[in-house]
>>> print(open('entry-v7.cif').read())   # mmCIF, C-alpha atoms and all ligand atoms
data_data
#
loop_
_atom_site.label_atom_id
_atom_site.label_comp_id
_atom_site.auth_asym_id
_atom_site.auth_seq_id
_atom_site.Cartn_x
_atom_site.Cartn_y
_atom_site.Cartn_z
CA MET A 1 -169.66 -144.60 -4.04
CA THR A 2 -167.70 -143.51 -1.00
CA LYS A 3 -169.65 -141.74 1.74
CA LEU A 4 -168.54 -138.35 3.02
CA SER A 5 -168.76 -137.91 6.78
CA VAL A 6 -167.97 -134.35 7.81
CA ASN A 7 -166.00 -133.94 11.05
CA ILE A 8 -167.41 -130.90 12.84
CA ASN A 9 -164.79 -130.58 15.59
CA LYS A 10 -163.56 -127.32 14.05
CA ILE A 11 -167.06 -125.78 14.20
CA ALA A 12 -167.00 -126.44 17.95
CA THR A 13 -163.48 -124.97 18.21
CA LEU A 14 -164.78 -121.72 16.70
CA ARG A 15 -167.81 -121.67 19.00
CA ASN A 16 -165.70 -122.36 22.09
CA SER A 17 -163.31 -119.52 21.25
CA ARG A 18 -165.96 -116.96 22.29
CA GLY A 19 -168.24 -118.80 24.70
CA GLY A 20 -171.91 -118.62 23.67
CA ASN A 21 -173.39 -120.68 20.86
CA VAL A 22 -172.12 -119.13 17.62
CA PRO A 23 -171.71 -121.00 15.35
CA ASP A 24 -174.42 -123.41 16.48
CA VAL A 25 -172.93 -126.88 16.13
CA LEU A 26 -176.34 -128.56 15.86
CA LYS A 27 -177.51 -126.19 13.11
CA VAL A 28 -174.27 -126.61 11.17
CA ALA A 29 -174.60 -130.41 11.40
CA LYS A 30 -178.15 -130.22 10.02
CA ASP A 31 -177.03 -127.87 7.22
CA ILE A 32 -174.13 -130.16 6.31
CA GLU A 33 -176.61 -133.02 5.90
CA GLU A 34 -178.87 -130.79 3.83
CA PHE A 35 -175.93 -129.89 1.58
CA GLY A 36 -175.58 -133.62 0.82
CA ALA A 37 -172.99 -135.09 3.20
CA GLN A 38 -173.84 -138.65 4.17
CA GLY A 39 -172.53 -138.51 7.71
CA ILE A 40 -171.41 -136.44 10.68
CA THR A 41 -168.25 -137.28 12.65
CA VAL A 42 -167.20 -135.95 16.05
CA HIS A 43 -164.09 -136.70 18.04
CA PRO A 44 -164.64 -135.57 21.63
CA ARG A 45 -161.38 -135.33 23.52
CA PRO A 46 -161.09 -135.65 27.31
CA ASP A 47 -160.34 -131.91 27.69
CA GLU A 48 -163.45 -131.08 25.59
CA ARG A 49 -161.48 -128.38 23.76
CA HIS A 50 -163.74 -128.69 20.76
CA ILE A 51 -166.67 -131.12 20.68
CA ARG A 52 -168.03 -131.54 24.20
CA TYR A 53 -169.52 -134.74 25.52
CA GLN A 54 -172.86 -132.91 25.76
CA ASP A 55 -172.59 -131.97 22.04
CA ALA A 56 -172.21 -135.64 21.21
CA ARG A 57 -175.43 -136.35 23.15
CA ASP A 58 -177.35 -133.44 21.58
CA LEU A 59 -176.25 -134.35 18.05
CA LYS A 60 -177.89 -137.75 18.37
CA LYS A 61 -181.26 -135.94 18.35
CA VAL A 62 -180.58 -134.08 15.10
CA VAL A 63 -178.31 -136.25 12.95
CA THR A 64 -180.36 -138.21 10.44
CA THR A 65 -177.48 -139.57 8.35
CA GLU A 66 -174.62 -141.74 9.66
CA TYR A 67 -173.37 -140.62 13.06
CA ASN A 68 -169.75 -141.52 13.79
CA ILE A 69 -168.11 -140.91 17.17
CA GLU A 70 -164.33 -141.25 17.33
CA GLY A 71 -162.07 -141.42 20.34
CA ASN A 72 -159.86 -143.28 22.74
CA PRO A 73 -162.01 -145.84 24.60
CA ILE A 74 -161.34 -144.62 28.13
CA ALA A 75 -164.18 -145.37 30.59
CA LYS A 76 -165.89 -141.98 30.09
CA PHE A 77 -165.85 -142.41 26.30
CA ILE A 78 -167.25 -145.96 26.42
CA GLU A 79 -170.05 -144.73 28.69
CA LEU A 80 -170.86 -141.86 26.29
CA VAL A 81 -170.95 -144.06 23.21
CA LEU A 82 -173.15 -146.68 24.88
CA GLU A 83 -175.56 -143.94 25.93
CA VAL A 84 -175.66 -142.16 22.55
CA LYS A 85 -175.60 -145.27 20.37
CA PRO A 86 -174.23 -143.69 17.18
CA THR A 87 -174.21 -145.55 13.87
CA GLN A 88 -170.48 -146.14 14.22
CA VAL A 89 -167.76 -145.83 16.83
CA THR A 90 -164.14 -145.41 15.68
CA LEU A 91 -161.47 -146.29 18.22
CA VAL A 92 -158.42 -144.00 18.09
CA PRO A 93 -155.40 -144.45 20.42
CA ASP A 94 -154.76 -140.75 21.00
CA ALA A 95 -153.03 -139.53 24.14
CA VAL A 96 -154.94 -137.13 26.39
CA ASP A 97 -152.63 -134.24 25.45
CA ALA A 98 -152.34 -135.00 21.71
CA ILE A 99 -152.96 -131.96 19.49
CA THR A 100 -154.64 -134.28 17.03
CA SER A 101 -154.61 -138.00 16.27
CA ASN A 102 -151.05 -139.06 15.61
CA SER A 103 -150.99 -142.84 15.23
CA GLY A 104 -153.03 -145.93 14.56
CA TRP A 105 -153.49 -148.81 17.00
CA ASP A 106 -150.94 -151.50 17.53
CA THR A 107 -153.63 -154.14 17.03
CA ILE A 108 -151.28 -156.98 17.97
CA ALA A 109 -150.10 -155.61 21.33
CA ASN A 110 -153.65 -154.43 22.19
CA LEU A 111 -155.55 -157.40 20.80
CA ASP A 112 -157.22 -158.52 24.05
CA PHE A 113 -158.22 -154.98 25.00
CA LEU A 114 -159.57 -154.15 21.56
CA ARG A 115 -161.46 -157.45 21.31
CA GLU A 116 -163.20 -156.70 24.61
CA VAL A 117 -164.13 -153.10 23.72
CA ILE A 118 -165.27 -154.03 20.21
CA GLY A 119 -167.42 -156.79 21.72
CA THR A 120 -169.03 -154.32 24.13
CA PHE A 121 -169.96 -151.92 21.31
CA LYS A 122 -171.14 -154.63 18.94
CA ASP A 123 -173.34 -156.13 21.67
CA ALA A 124 -174.98 -152.68 21.85
CA GLY A 125 -175.66 -152.78 18.10
CA ILE A 126 -173.05 -150.15 17.19
CA ARG A 127 -170.87 -150.62 14.08
CA THR A 128 -167.18 -150.53 14.97
CA SER A 129 -164.05 -149.24 13.28
CA ILE A 130 -160.40 -149.24 14.39
CA PHE A 131 -157.96 -146.49 13.37
CA VAL A 132 -154.82 -148.09 11.91
CA ASP A 133 -151.65 -147.14 10.10
CA PRO A 134 -151.36 -148.51 6.56
CA ASP A 135 -149.60 -151.68 7.71
CA THR A 136 -150.90 -155.09 6.62
CA LYS A 137 -149.93 -156.65 9.98
CA MET A 138 -152.05 -154.06 11.82
CA VAL A 139 -154.96 -154.70 9.45
CA GLU A 140 -154.74 -158.45 10.05
CA GLY A 141 -154.57 -157.79 13.80
CA ALA A 142 -157.68 -155.60 13.55
CA ALA A 143 -159.57 -158.44 11.87
CA LYS A 144 -158.88 -160.62 14.93
CA THR A 145 -160.66 -158.13 17.21
CA GLY A 146 -163.99 -158.75 15.47
CA THR A 147 -164.32 -155.15 14.26
CA ASP A 148 -166.55 -154.39 11.28
CA ARG A 149 -164.20 -151.86 9.72
CA ILE A 150 -160.83 -150.16 9.90
CA GLU A 151 -160.12 -146.49 9.36
CA LEU A 152 -156.84 -145.96 7.50
CA TYR A 153 -154.82 -143.11 9.04
CA THR A 154 -154.05 -141.03 5.97
CA GLU A 155 -151.65 -138.37 7.28
CA SER A 156 -148.58 -139.94 5.60
CA TYR A 157 -150.42 -140.14 2.26
CA ALA A 158 -151.53 -136.49 2.51
CA LYS A 159 -148.04 -135.31 3.41
CA ALA A 160 -146.40 -137.22 0.54
CA PHE A 161 -149.06 -136.05 -1.92
CA SER A 162 -148.57 -132.40 -0.98
CA ASN A 163 -144.84 -132.87 -1.68
CA GLY A 164 -145.66 -134.14 -5.16
CA ASN A 165 -145.04 -137.78 -4.24
CA SER A 166 -148.02 -139.88 -5.31
CA SER A 167 -146.22 -143.12 -4.39
CA GLY A 168 -147.30 -142.44 -0.79
CA ILE A 169 -150.46 -144.30 -1.79
CA ALA A 170 -148.65 -147.67 -2.06
CA PRO A 171 -148.90 -148.81 1.60
CA PHE A 172 -152.58 -147.81 1.59
CA VAL A 173 -153.30 -149.97 -1.44
CA ALA A 174 -151.56 -152.91 0.26
CA ALA A 175 -153.47 -152.29 3.52
CA ALA A 176 -156.76 -152.05 1.62
CA ASP A 177 -156.02 -155.30 -0.21
CA ALA A 178 -155.33 -156.97 3.14
CA ALA A 179 -158.59 -155.59 4.56
CA ASN A 180 -160.60 -156.71 1.54
CA ALA A 181 -159.02 -160.18 1.77
CA VAL A 182 -160.27 -160.66 5.34
CA GLY A 183 -163.65 -158.98 4.78
CA LEU A 184 -163.06 -155.77 6.75
CA GLY A 185 -164.84 -152.62 5.61
CA ILE A 186 -162.54 -149.70 4.82
CA ASN A 187 -162.87 -146.11 6.02
CA ALA A 188 -160.15 -143.47 5.85
CA GLY A 189 -159.35 -140.12 7.34
CA HIS A 190 -156.90 -137.47 8.52
CA ASP A 191 -155.68 -134.56 6.43
CA LEU A 192 -157.72 -135.58 3.40
CA SER A 193 -158.57 -132.54 1.29
CA LEU A 194 -160.00 -131.38 -2.03
CA ASP A 195 -156.48 -131.71 -3.49
CA ASN A 196 -155.72 -135.28 -2.45
CA ILE A 197 -159.10 -137.01 -2.11
CA GLN A 198 -159.69 -138.03 -5.71
CA TYR A 199 -156.38 -139.84 -6.17
CA PHE A 200 -156.94 -141.66 -2.89
CA LYS A 201 -160.46 -142.69 -3.84
CA GLU A 202 -159.36 -143.86 -7.30
CA ASN A 203 -156.65 -146.11 -5.86
CA ILE A 204 -158.32 -147.67 -2.84
CA PRO A 205 -160.65 -150.53 -3.74
CA ASN A 206 -163.95 -150.60 -1.81
CA LEU A 207 -163.44 -147.37 0.11
CA LEU A 208 -166.69 -147.10 2.07
CA GLU A 209 -166.34 -143.80 3.90
CA VAL A 210 -164.02 -140.87 4.46
CA SER A 211 -164.25 -138.52 7.43
CA ILE A 212 -162.90 -135.06 6.72
CA GLY A 213 -162.80 -132.02 8.98
CA HIS A 214 -159.81 -129.71 9.14
CA ALA A 215 -159.22 -129.16 5.42
CA LEU A 216 -162.92 -129.11 4.56
CA ILE A 217 -163.65 -126.31 7.03
CA CYS A 218 -160.57 -124.35 5.87
CA GLU A 219 -161.62 -124.73 2.22
CA SER A 220 -165.11 -123.57 3.14
CA LEU A 221 -163.74 -120.21 4.33
CA TYR A 222 -162.99 -119.41 0.70
CA LEU A 223 -165.56 -121.47 -1.20
CA GLY A 224 -168.51 -121.91 1.17
CA LEU A 225 -169.66 -125.05 2.97
CA ASP A 226 -172.39 -126.00 0.50
CA ASN A 227 -170.01 -125.67 -2.46
CA VAL A 228 -167.17 -127.56 -0.81
CA ILE A 229 -169.36 -130.47 0.26
CA ASN A 230 -170.60 -130.82 -3.30
CA MET A 231 -167.06 -130.67 -4.64
CA TYR A 232 -166.13 -133.60 -2.36
CA LEU A 233 -169.27 -135.52 -3.35
CA ASN A 234 -168.28 -135.18 -7.01
CA LYS A 235 -164.80 -136.49 -6.34
CA LEU A 236 -166.15 -139.43 -4.29
CA LYS A 237 -168.65 -140.68 -6.88
C1 LIG B 301 -159.07 -139.80 13.82
C2 LIG B 301 -158.73 -138.59 13.09
O1 LIG B 301 -157.80 -138.54 12.34
C3 LIG B 301 -159.54 -137.36 13.26
O2 LIG B 301 -160.69 -137.59 13.97
C4 LIG B 301 -158.80 -136.35 13.98
O3 LIG B 301 -158.44 -136.96 15.16
C5 LIG B 301 -159.60 -135.11 14.22
O4 LIG B 301 -159.41 -134.70 15.53
P1 LIG B 301 -159.05 -133.18 15.86
O5 LIG B 301 -160.16 -132.35 15.32
O6 LIG B 301 -158.96 -133.13 17.36
O7 LIG B 301 -157.74 -132.89 15.17
N1 LIG B 302 -161.24 -139.47 11.07
C1 LIG B 302 -160.67 -138.34 10.46
C2 LIG B 302 -161.52 -137.15 10.70
O1 LIG B 302 -162.59 -137.24 11.26
C3 LIG B 302 -161.10 -135.84 10.21
O2 LIG B 302 -159.73 -135.64 10.25
P1 LIG B 302 -159.21 -134.24 9.65
O3 LIG B 302 -159.80 -134.07 8.28
O4 LIG B 302 -159.70 -133.16 10.58
O5 LIG B 302 -157.70 -134.39 9.62
#
>>> encode(input="entry-v7.cif", output="structure tokens")
Amino acid sequence: MTKLSVNINKIATLRNSRGGNVPDVLKVAKDIEEFGAQGITVHPRPDERHIRYQDARDLKKVVTTEYNIEGNPIAKFIELVLEVKPTQVTLVPDAVDAITSNSGWDTIANLDFLREVIGTFKDAGIRTSIFVDPDTKMVEGAAKTGTDRIELYTESYAKAFSNGNSSGIAPFVAAADAANAVGLGINAGHDLSLDNIQYFKENIPNLLEVSIGHALICESLYLGLDNVINMYLNKLK
């Protein structure tokens, strides 16, 4: 079974568009768990345009499933994660002004830095994951940092799949094989959707967790959150 962690950044985007507290991010997180999702993901960005640092703190009090915080490990982020102590931290090398995550780590060029940050989080008892492109060299580099897991950056797969090209899965299978060979756990995320999730799941051996936000919230506008979560759970069995 692959766990579904729902990224609730978009719920915060909607709330922030009007000020106030509608929709209530904490209530939505609790409902998502009640509907069956096995985790909650947030990706606070330095400009706090969606999830705010305070949301990440408040969520710790209500999330009873896996809590995953993603982000670039700048000082403020490291401080937040060490205070909140989520189940998992996922390191993403996104620029301050990036619209969304747009690349995985160069785990070779950043080996010393990543090793130090991963060590800091693991010493605090937090499971670690590193966001990487589907490149076996980057996976092998990640293993050298001491991380528990990698998160495969799935945008290229999603794009190819939507163009009818299922061979976009090939580099992900190779990256997963490399991860399995060195004992790294495998997560995946970015632009996964009801359309492309099943083929991905069926082809990636030992896929532990997917984090899905943008498409899942968009699909829920038509089908409802409860329904959509259960549709994902069926495809991830
Ligand atoms: C790492 C990843 O692919 C997602 O967490 C993505 O970064 C979501 O962030 P946004 O909601 O800011 O697009
Ligand atoms: N780690 C990926 C994530 O949390 C959600 O990404 P997306 O589904 O919003 O593209």
>>> atom_distance(input="entry-v7.cif", atom1="atom O7 of ligand LIG 301 (chain B)", atom2="atom CA of Leu194 of chain A")
17.4 Å
>>> closest_residue(input="entry-v7.cif", among="A:Ala188, A:Leu223, A:Ile8, A:Ala109", to="Phe131 of chain A", atoms="only C-alpha atoms")
A:Ala188
>>> closest_atom_pairs(input="entry-v7.cif", of="chain A", to="ligand LIG 301 (chain B)", cutoff="7 Å", atoms="all atoms listed in the file", output="JSON lines")
{"residue": "A:Asn9", "atom": "CA", "partner": "B:LIG301", "partner_atom": "O5", "distance": 5.0}
{"residue": "A:Lys10", "atom": "CA", "partner": "B:LIG301", "partner_atom": "O5", "distance": 6.2}
{"residue": "A:His43", "atom": "CA", "partner": "B:LIG301", "partner_atom": "O2", "distance": 5.4}
{"residue": "A:Arg45", "atom": "CA", "partner": "B:LIG301", "partner_atom": "O6", "distance": 7.0}
{"residue": "A:Glu70", "atom": "CA", "partner": "B:LIG301", "partner_atom": "O2", "distance": 6.2}
{"residue": "A:Val92", "atom": "CA", "partner": "B:LIG301", "partner_atom": "C1", "distance": 6.0}
{"residue": "A:Ile99", "atom": "CA", "partner": "B:LIG301", "partner_atom": "O6", "distance": 6.5}
{"residue": "A:Thr100", "atom": "CA", "partner": "B:LIG301", "partner_atom": "O7", "distance": 3.9}
{"residue": "A:Ser101", "atom": "CA", "partner": "B:LIG301", "partner_atom": "O3", "distance": 4.1}
{"residue": "A:Phe131", "atom": "CA", "partner": "B:LIG301", "partner_atom": "C1", "distance": 6.8}
{"residue": "A:Tyr153", "atom": "CA", "partner": "B:LIG301", "partner_atom": "O1", "distance": 6.4}
{"residue": "A:Gly189", "atom": "CA", "partner": "B:LIG301", "partner_atom": "O1", "distance": 5.5}
{"residue": "A:His190", "atom": "CA", "partner": "B:LIG301", "partner_atom": "O1", "distance": 4.1}
{"residue": "A:Gly213", "atom": "CA", "partner": "B:LIG301", "partner_atom": "C5", "distance": 6.9}
{"residue": "A:His214", "atom": "CA", "partner": "B:LIG301", "partner_atom": "O5", "distance": 6.7}
>>> atom_distance(input="entry-v7.cif", atom1="atom CA of Thr65 of chain A", atom2="atom CA of Gly36 of chain A")
9.8 Å
>>> closest_residue(input="entry-v7.cif", among="A:Leu225, A:Ile51, A:Leu236, A:Lys60", to="Asp31 of chain A", atoms="all atoms listed in the file")
A:Leu225
>>> residues_around(input="entry-v7.cif", residues="Ile74 of chain A", least_positions_apart="4", cutoff="12 Å", atoms="only C-alpha atoms", output="number ranges by chain")
A: 44-46, 70, 78-81, 91-96, 113-114, 117
>>> closest_residue(input="entry-v7.cif", among="A:Ala176, A:Leu4, A:Ile126, A:Ala75", to="ligand LIG 302 (chain B)", atoms="all atoms listed in the file")
A:Leu4
>>> atom_distance(input="entry-v7.cif", atom1="atom CA of Val42 of chain A", atom2="atom CA of Ala160 of chain A")
26.0 Å
>>> closest_residue(input="entry-v7.cif", among="A:Asp24, A:Glu34, A:Asp191, A:Glu116", to="Pro73 of chain A", atoms="only C-alpha atoms")
A:Glu116
>>> residues_around(input="entry-v7.cif", residues="Thr154 of chain A", least_positions_apart="2", cutoff="12 Å", atoms="all atoms listed in the file", output="PyMOL selection string")
chain A and resi 101-104+131-135+151-152+156-161+168-173+175+187-193+196-197+200-201+204+210-212
>>> decode(input="entry-v7.cif", residues="segment 49-87 of chain A", atoms="N, CA and C atoms", output="mmCIF file, in the first residue's frame")
data_model
loop_
_atom_site.group_PDB
_atom_site.id
_atom_site.type_symbol
_atom_site.label_atom_id
_atom_site.label_comp_id
_atom_site.auth_asym_id
_atom_site.auth_seq_id
_atom_site.Cartn_x
_atom_site.Cartn_y
_atom_site.Cartn_z
ATOM 1 N N ARG A 49 2.709 32.873 1.234
ATOM 2 C CA ARG A 49 1.552 33.176 0.374
ATOM 3 C C ARG A 49 0.438 32.149 0.513
ATOM 4 N N HIS A 50 0.777 30.960 0.995
ATOM 5 C CA HIS A 50 -0.311 30.025 1.287
ATOM 6 C C HIS A 50 -0.187 29.548 2.734
ATOM 7 N N ILE A 51 0.409 28.405 2.979
ATOM 8 C CA ILE A 51 0.585 27.975 4.372
ATOM 9 C C ILE A 51 1.527 28.926 5.092
ATOM 10 N N ARG A 52 1.102 29.395 6.258
ATOM 11 C CA ARG A 52 1.942 30.289 7.051
ATOM 12 C C ARG A 52 2.731 29.465 8.063
ATOM 13 N N TYR A 53 3.812 30.033 8.533
ATOM 14 C CA TYR A 53 4.603 29.307 9.534
ATOM 15 C C TYR A 53 3.729 28.983 10.755
ATOM 16 N N GLN A 54 2.833 29.926 11.113
ATOM 17 C CA GLN A 54 1.969 29.672 12.272
ATOM 18 C C GLN A 54 0.997 28.514 11.987
ATOM 19 N N ASP A 55 0.541 28.367 10.741
ATOM 20 C CA ASP A 55 -0.307 27.209 10.389
ATOM 21 C C ASP A 55 0.451 25.919 10.664
ATOM 22 N N ALA A 56 1.712 25.909 10.254
ATOM 23 C CA ALA A 56 2.517 24.682 10.437
ATOM 24 C C ALA A 56 2.607 24.329 11.926
ATOM 25 N N ARG A 57 2.712 25.357 12.768
ATOM 26 C CA ARG A 57 2.750 25.107 14.231
ATOM 27 C C ARG A 57 1.385 24.603 14.709
ATOM 28 N N ASP A 58 0.315 25.268 14.293
ATOM 29 C CA ASP A 58 -1.027 24.917 14.774
ATOM 30 C C ASP A 58 -1.441 23.519 14.306
ATOM 31 N N LEU A 59 -1.025 23.147 13.115
ATOM 32 C CA LEU A 59 -1.394 21.828 12.575
ATOM 33 C C LEU A 59 -0.818 20.700 13.414
ATOM 34 N N LYS A 60 0.320 20.943 14.021
ATOM 35 C CA LYS A 60 0.949 19.894 14.843
ATOM 36 C C LYS A 60 -0.024 19.415 15.937
ATOM 37 N N LYS A 61 -0.867 20.359 16.415
ATOM 38 C CA LYS A 61 -1.793 20.027 17.514
ATOM 39 C C LYS A 61 -2.983 19.210 17.033
ATOM 40 N N VAL A 62 -3.263 19.227 15.729
ATOM 41 C CA VAL A 62 -4.471 18.528 15.261
ATOM 42 C C VAL A 62 -4.202 17.326 14.352
ATOM 43 N N VAL A 63 -3.044 17.285 13.729
ATOM 44 C CA VAL A 63 -2.772 16.178 12.801
ATOM 45 C C VAL A 63 -2.447 14.916 13.599
ATOM 46 N N THR A 64 -3.208 13.865 13.310
ATOM 47 C CA THR A 64 -2.984 12.605 14.045
ATOM 48 C C THR A 64 -2.396 11.526 13.142
ATOM 49 N N THR A 65 -2.326 11.816 11.830
ATOM 50 C CA THR A 65 -1.698 10.874 10.898
ATOM 51 C C THR A 65 -0.258 11.348 10.676
ATOM 52 N N GLU A 66 0.342 11.019 9.531
ATOM 53 C CA GLU A 66 1.708 11.479 9.268
ATOM 54 C C GLU A 66 1.711 12.965 8.916
ATOM 55 N N TYR A 67 2.599 13.698 9.540
ATOM 56 C CA TYR A 67 2.696 15.132 9.257
ATOM 57 C C TYR A 67 4.019 15.385 8.539
ATOM 58 N N ASN A 68 3.914 15.904 7.319
ATOM 59 C CA ASN A 68 5.086 16.120 6.468
ATOM 60 C C ASN A 68 5.227 17.611 6.179
ATOM 61 N N ILE A 69 6.377 18.180 6.530
ATOM 62 C CA ILE A 69 6.632 19.584 6.197
ATOM 63 C C ILE A 69 7.717 19.624 5.135
ATOM 64 N N GLU A 70 7.414 20.333 4.031
ATOM 65 C CA GLU A 70 8.366 20.439 2.929
ATOM 66 C C GLU A 70 8.896 21.869 2.832
ATOM 67 N N GLY A 71 10.125 22.003 2.356
ATOM 68 C CA GLY A 71 10.635 23.345 2.115
ATOM 69 C C GLY A 71 12.130 23.397 1.963
ATOM 70 N N ASN A 72 12.581 24.588 1.582
ATOM 71 C CA ASN A 72 14.012 24.839 1.439
ATOM 72 C C ASN A 72 14.589 25.092 2.838
ATOM 73 N N PRO A 73 15.619 24.355 3.224
ATOM 74 C CA PRO A 73 16.129 24.479 4.600
ATOM 75 C C PRO A 73 16.955 25.736 4.857
ATOM 76 N N ILE A 74 16.284 26.899 4.701
ATOM 77 C CA ILE A 74 16.887 28.158 5.149
ATOM 78 C C ILE A 74 16.746 28.175 6.674
ATOM 79 N N ALA A 75 17.465 29.093 7.335
ATOM 80 C CA ALA A 75 17.515 29.084 8.811
ATOM 81 C C ALA A 75 16.115 29.080 9.438
ATOM 82 N N LYS A 76 15.229 29.923 8.907
ATOM 83 C CA LYS A 76 13.882 30.062 9.482
ATOM 84 C C LYS A 76 13.101 28.738 9.373
ATOM 85 N N PHE A 77 13.312 28.032 8.270
ATOM 86 C CA PHE A 77 12.618 26.756 8.042
ATOM 87 C C PHE A 77 13.158 25.689 8.997
ATOM 88 N N ILE A 78 14.475 25.644 9.147
ATOM 89 C CA ILE A 78 15.081 24.641 10.040
ATOM 90 C C ILE A 78 14.561 24.854 11.463
ATOM 91 N N GLU A 79 14.515 26.119 11.867
ATOM 92 C CA GLU A 79 14.017 26.474 13.210
ATOM 93 C C GLU A 79 12.564 25.996 13.387
ATOM 94 N N LEU A 80 11.737 26.249 12.383
ATOM 95 C CA LEU A 80 10.321 25.847 12.439
ATOM 96 C C LEU A 80 10.198 24.332 12.589
ATOM 97 N N VAL A 81 10.917 23.607 11.743
ATOM 98 C CA VAL A 81 10.783 22.146 11.742
ATOM 99 C C VAL A 81 11.267 21.564 13.078
ATOM 100 N N LEU A 82 12.350 22.120 13.604
ATOM 101 C CA LEU A 82 12.854 21.593 14.884
ATOM 102 C C LEU A 82 11.878 21.888 16.019
ATOM 103 N N GLU A 83 11.160 23.002 15.898
ATOM 104 C CA GLU A 83 10.154 23.326 16.929
ATOM 105 C C GLU A 83 8.928 22.419 16.793
ATOM 106 N N VAL A 84 8.454 22.237 15.570
ATOM 107 C CA VAL A 84 7.199 21.494 15.347
ATOM 108 C C VAL A 84 7.405 19.983 15.469
ATOM 109 N N LYS A 85 8.575 19.524 15.049
ATOM 110 C CA LYS A 85 8.857 18.085 15.045
ATOM 111 C C LYS A 85 7.774 17.261 14.328
ATOM 112 N N PRO A 86 7.651 17.461 13.011
ATOM 113 C CA PRO A 86 6.683 16.652 12.251
ATOM 114 C C PRO A 86 7.198 15.215 12.119
ATOM 115 N N THR A 87 6.371 14.349 11.558
ATOM 116 C CA THR A 87 6.805 12.979 11.301
ATOM 117 C C THR A 87 7.964 12.972 10.307
#
